[in-house]
Amino acid sequence: MTSDRKAAIAYKERKTFAGVFVIRCKASPQAWVGQTPNLEKIQNRIWFTLRQGSHTCRSMQAAWTAHGPDSLTFEECERLEEEETSYIRDALLKERALHWRSQLNAEAV
């Protein structure tokens, strides 16, 4: 087995973490909270859609356009323990995201 193949298998089998995150705007008091089954990949996905001008959250897209990419920050609020079923994980993610939205007075992503 080649080292490239071993690396590809290791990458595919790595552990992912579900959780809740917050994106804040430094130039305004705006904040957005979202949940994801993979915290490691979500920022890249969001930043890509913002750069393209196609993010579905219009207020976040407007903040990105008005203040630039350096004005938004990404923070992890909470990581969830690994769950047996995706149904339980998704329900817990929704519950925790609602908690963080109310705690931080933030919009949904």
# chains A, B, ... in the order shown; residues from 1 in each chain; ligands from 1
$ residues_around --residues "region 68-72 of chain A" --least-positions-apart "2" --cutoff "9 Å" --atoms "only C-alpha atoms" --output "list in words"
Ile23, Arg24, Cys25, Lys26, Ala27, Ser28, Trp47, Leu50, Arg51, Met60, Ala63, Trp64, Thr65, Ala66 and Phe74 of chain A
$ select_by_dssp --residues "chain A" --states "helix (DSSP H, G or I)" --output "VMD selection string"
chain A and resid 3 to 12 39 to 52 58 to 67 69 to 71 86 to 104
$ closest_residue --among "A:Ser3, A:Thr85, A:Ser59, A:Ser102" --to "Gln30 (chain A)" --atoms "only C-alpha atoms"
A:Ser59
$ select_by_dssp --residues "region 22-92 of chain A" --states "strand (DSSP E)" --output "PyMOL selection string"
chain A and resi 22-25+31-36+72-79
$ write_last_selection --atoms "C-alpha atoms" --output "PDB file, in the first residue's frame"
ATOM      1  CA  VAL A  22     -20.861  31.750  16.081  1.00  0.00           C
ATOM      2  CA  ILE A  23     -19.792  34.232  13.435  1.00  0.00           C
ATOM      3  CA  ARG A  24     -19.364  37.787  14.716  1.00  0.00           C
ATOM      4  CA  CYS A  25     -18.921  41.084  12.914  1.00  0.00           C
ATOM      5  CA  ALA A  31     -23.725  37.802  15.322  1.00  0.00           C
ATOM      6  CA  TRP A  32     -24.948  34.627  13.656  1.00  0.00           C
ATOM      7  CA  VAL A  33     -25.167  31.180  15.238  1.00  0.00           C
ATOM      8  CA  GLY A  34     -25.379  27.898  13.386  1.00  0.00           C
ATOM      9  CA  GLN A  35     -25.000  24.176  13.896  1.00  0.00           C
ATOM     10  CA  THR A  36     -23.120  21.607  11.860  1.00  0.00           C
ATOM     11  CA  LEU A  72     -16.052  38.514  10.380  1.00  0.00           C
ATOM     12  CA  THR A  73     -14.708  36.057  12.926  1.00  0.00           C
ATOM     13  CA  PHE A  74     -15.548  32.388  13.410  1.00  0.00           C
ATOM     14  CA  GLU A  75     -15.710  30.823  16.871  1.00  0.00           C
ATOM     15  CA  GLU A  76     -16.687  27.402  18.099  1.00  0.00           C
ATOM     16  CA  CYS A  77     -19.324  27.646  20.846  1.00  0.00           C
ATOM     17  CA  GLU A  78     -19.719  24.010  21.725  1.00  0.00           C
ATOM     18  CA  ARG A  79     -18.647  20.547  20.574  1.00  0.00           C
TER      19      ARG A  79
END
$ residues_around --residues "His99 (chain A)" --least-positions-apart "2" --cutoff "12 Å" --atoms "only C-alpha atoms" --output "PyMOL selection string"
chain A and resi 20-21+33-35+77-78+92-97+101-108
$ closest_residue --among "A:Leu98, A:Ala18, A:Ala62, A:Ile42" --to "Glu82 (chain A)" --atoms "only C-alpha atoms"
A:Ala18
$ decode --residues "region 21-109 of chain A" --atoms "C-alpha atoms" --output "PDB file, in the first residue's frame"
ATOM      1  CA  PHE A  21     -20.537  27.964  16.097  1.00  0.00           C
ATOM      2  CA  VAL A  22     -20.861  31.750  16.081  1.00  0.00           C
ATOM      3  CA  ILE A  23     -19.792  34.232  13.435  1.00  0.00           C
ATOM      4  CA  ARG A  24     -19.364  37.787  14.716  1.00  0.00           C
ATOM      5  CA  CYS A  25     -18.921  41.084  12.914  1.00  0.00           C
ATOM      6  CA  LYS A  26     -16.198  43.294  14.398  1.00  0.00           C
ATOM      7  CA  ALA A  27     -17.634  46.417  12.755  1.00  0.00           C
ATOM      8  CA  SER A  28     -21.155  45.991  14.165  1.00  0.00           C
ATOM      9  CA  PRO A  29     -22.902  44.175  17.014  1.00  0.00           C
ATOM     10  CA  GLN A  30     -24.207  41.505  14.636  1.00  0.00           C
ATOM     11  CA  ALA A  31     -23.725  37.802  15.322  1.00  0.00           C
ATOM     12  CA  TRP A  32     -24.948  34.627  13.656  1.00  0.00           C
ATOM     13  CA  VAL A  33     -25.167  31.180  15.238  1.00  0.00           C
ATOM     14  CA  GLY A  34     -25.379  27.898  13.386  1.00  0.00           C
ATOM     15  CA  GLN A  35     -25.000  24.176  13.896  1.00  0.00           C
ATOM     16  CA  THR A  36     -23.120  21.607  11.860  1.00  0.00           C
ATOM     17  CA  PRO A  37     -22.275  17.912  11.885  1.00  0.00           C
ATOM     18  CA  ASN A  38     -18.658  18.826  11.009  1.00  0.00           C
ATOM     19  CA  LEU A  39     -17.074  21.813  12.760  1.00  0.00           C
ATOM     20  CA  GLU A  40     -13.775  21.429  10.905  1.00  0.00           C
ATOM     21  CA  LYS A  41     -15.294  22.150   7.472  1.00  0.00           C
ATOM     22  CA  ILE A  42     -18.086  24.659   8.066  1.00  0.00           C
ATOM     23  CA  GLN A  43     -16.036  27.863   8.155  1.00  0.00           C
ATOM     24  CA  ASN A  44     -14.446  27.126   4.793  1.00  0.00           C
ATOM     25  CA  ARG A  45     -17.873  26.431   3.269  1.00  0.00           C
ATOM     26  CA  ILE A  46     -19.389  29.640   4.669  1.00  0.00           C
ATOM     27  CA  TRP A  47     -16.424  31.819   3.650  1.00  0.00           C
ATOM     28  CA  PHE A  48     -16.567  30.335   0.128  1.00  0.00           C
ATOM     29  CA  THR A  49     -20.244  31.240  -0.321  1.00  0.00           C
ATOM     30  CA  LEU A  50     -19.644  34.708   1.125  1.00  0.00           C
ATOM     31  CA  ARG A  51     -16.763  35.311  -1.320  1.00  0.00           C
ATOM     32  CA  GLN A  52     -19.050  34.221  -4.162  1.00  0.00           C
ATOM     33  CA  GLY A  53     -21.799  36.579  -2.925  1.00  0.00           C
ATOM     34  CA  SER A  54     -24.229  33.689  -2.695  1.00  0.00           C
ATOM     35  CA  HIS A  55     -24.687  33.013   1.010  1.00  0.00           C
ATOM     36  CA  THR A  56     -28.319  32.402   1.934  1.00  0.00           C
ATOM     37  CA  CYS A  57     -28.122  34.530   5.094  1.00  0.00           C
ATOM     38  CA  ARG A  58     -28.621  37.967   3.554  1.00  0.00           C
ATOM     39  CA  SER A  59     -27.625  39.944   6.658  1.00  0.00           C
ATOM     40  CA  MET A  60     -24.296  38.108   6.942  1.00  0.00           C
ATOM     41  CA  GLN A  61     -23.667  38.541   3.215  1.00  0.00           C
ATOM     42  CA  ALA A  62     -24.409  42.269   3.585  1.00  0.00           C
ATOM     43  CA  ALA A  63     -21.960  42.571   6.501  1.00  0.00           C
ATOM     44  CA  TRP A  64     -19.276  40.744   4.504  1.00  0.00           C
ATOM     45  CA  THR A  65     -19.845  42.995   1.497  1.00  0.00           C
ATOM     46  CA  ALA A  66     -19.957  46.222   3.525  1.00  0.00           C
ATOM     47  CA  HIS A  67     -17.074  45.584   5.935  1.00  0.00           C
ATOM     48  CA  GLY A  68     -14.896  43.027   4.151  1.00  0.00           C
ATOM     49  CA  PRO A  69     -13.742  39.513   5.027  1.00  0.00           C
ATOM     50  CA  ASP A  70     -11.506  40.597   7.909  1.00  0.00           C
ATOM     51  CA  SER A  71     -14.499  41.973   9.797  1.00  0.00           C
ATOM     52  CA  LEU A  72     -16.052  38.514  10.380  1.00  0.00           C
ATOM     53  CA  THR A  73     -14.708  36.057  12.926  1.00  0.00           C
ATOM     54  CA  PHE A  74     -15.548  32.388  13.410  1.00  0.00           C
ATOM     55  CA  GLU A  75     -15.710  30.823  16.871  1.00  0.00           C
ATOM     56  CA  GLU A  76     -16.687  27.402  18.099  1.00  0.00           C
ATOM     57  CA  CYS A  77     -19.324  27.646  20.846  1.00  0.00           C
ATOM     58  CA  GLU A  78     -19.719  24.010  21.725  1.00  0.00           C
ATOM     59  CA  ARG A  79     -18.647  20.547  20.574  1.00  0.00           C
ATOM     60  CA  LEU A  80     -21.055  17.685  21.046  1.00  0.00           C
ATOM     61  CA  GLU A  81     -20.195  14.242  22.227  1.00  0.00           C
ATOM     62  CA  GLU A  82     -20.397  11.580  19.552  1.00  0.00           C
ATOM     63  CA  GLU A  83     -23.938  10.198  19.274  1.00  0.00           C
ATOM     64  CA  GLU A  84     -25.041   6.749  18.165  1.00  0.00           C
ATOM     65  CA  THR A  85     -27.628   8.037  15.682  1.00  0.00           C
ATOM     66  CA  SER A  86     -27.731  11.094  13.487  1.00  0.00           C
ATOM     67  CA  TYR A  87     -31.341  11.728  14.577  1.00  0.00           C
ATOM     68  CA  ILE A  88     -30.293  12.275  18.197  1.00  0.00           C
ATOM     69  CA  ARG A  89     -27.283  14.345  17.127  1.00  0.00           C
ATOM     70  CA  ASP A  90     -29.417  16.589  14.895  1.00  0.00           C
ATOM     71  CA  ALA A  91     -32.032  17.134  17.608  1.00  0.00           C
ATOM     72  CA  LEU A  92     -29.330  18.006  20.122  1.00  0.00           C
ATOM     73  CA  LEU A  93     -27.663  20.371  17.632  1.00  0.00           C
ATOM     74  CA  LYS A  94     -30.953  22.239  17.105  1.00  0.00           C
ATOM     75  CA  GLU A  95     -31.527  22.523  20.846  1.00  0.00           C
ATOM     76  CA  ARG A  96     -28.014  23.800  21.561  1.00  0.00           C
ATOM     77  CA  ALA A  97     -28.082  26.246  18.635  1.00  0.00           C
ATOM     78  CA  LEU A  98     -31.334  27.743  19.976  1.00  0.00           C
ATOM     79  CA  HIS A  99     -29.700  28.109  23.376  1.00  0.00           C
ATOM     80  CA  TRP A 100     -26.669  29.911  21.934  1.00  0.00           C
ATOM     81  CA  ARG A 101     -28.805  32.151  19.708  1.00  0.00           C
ATOM     82  CA  SER A 102     -30.768  33.388  22.697  1.00  0.00           C
ATOM     83  CA  GLN A 103     -27.609  33.628  24.850  1.00  0.00           C
ATOM     84  CA  LEU A 104     -25.734  35.701  22.252  1.00  0.00           C
ATOM     85  CA  ASN A 105     -28.759  37.536  20.813  1.00  0.00           C
ATOM     86  CA  ALA A 106     -27.781  36.227  17.384  1.00  0.00           C
ATOM     87  CA  GLU A 107     -29.483  35.371  14.115  1.00  0.00           C
ATOM     88  CA  ALA A 108     -29.560  31.895  12.614  1.00  0.00           C
ATOM     89  CA  VAL A 109     -27.103  31.017   9.855  1.00  0.00           C
TER      90      VAL A 109
END
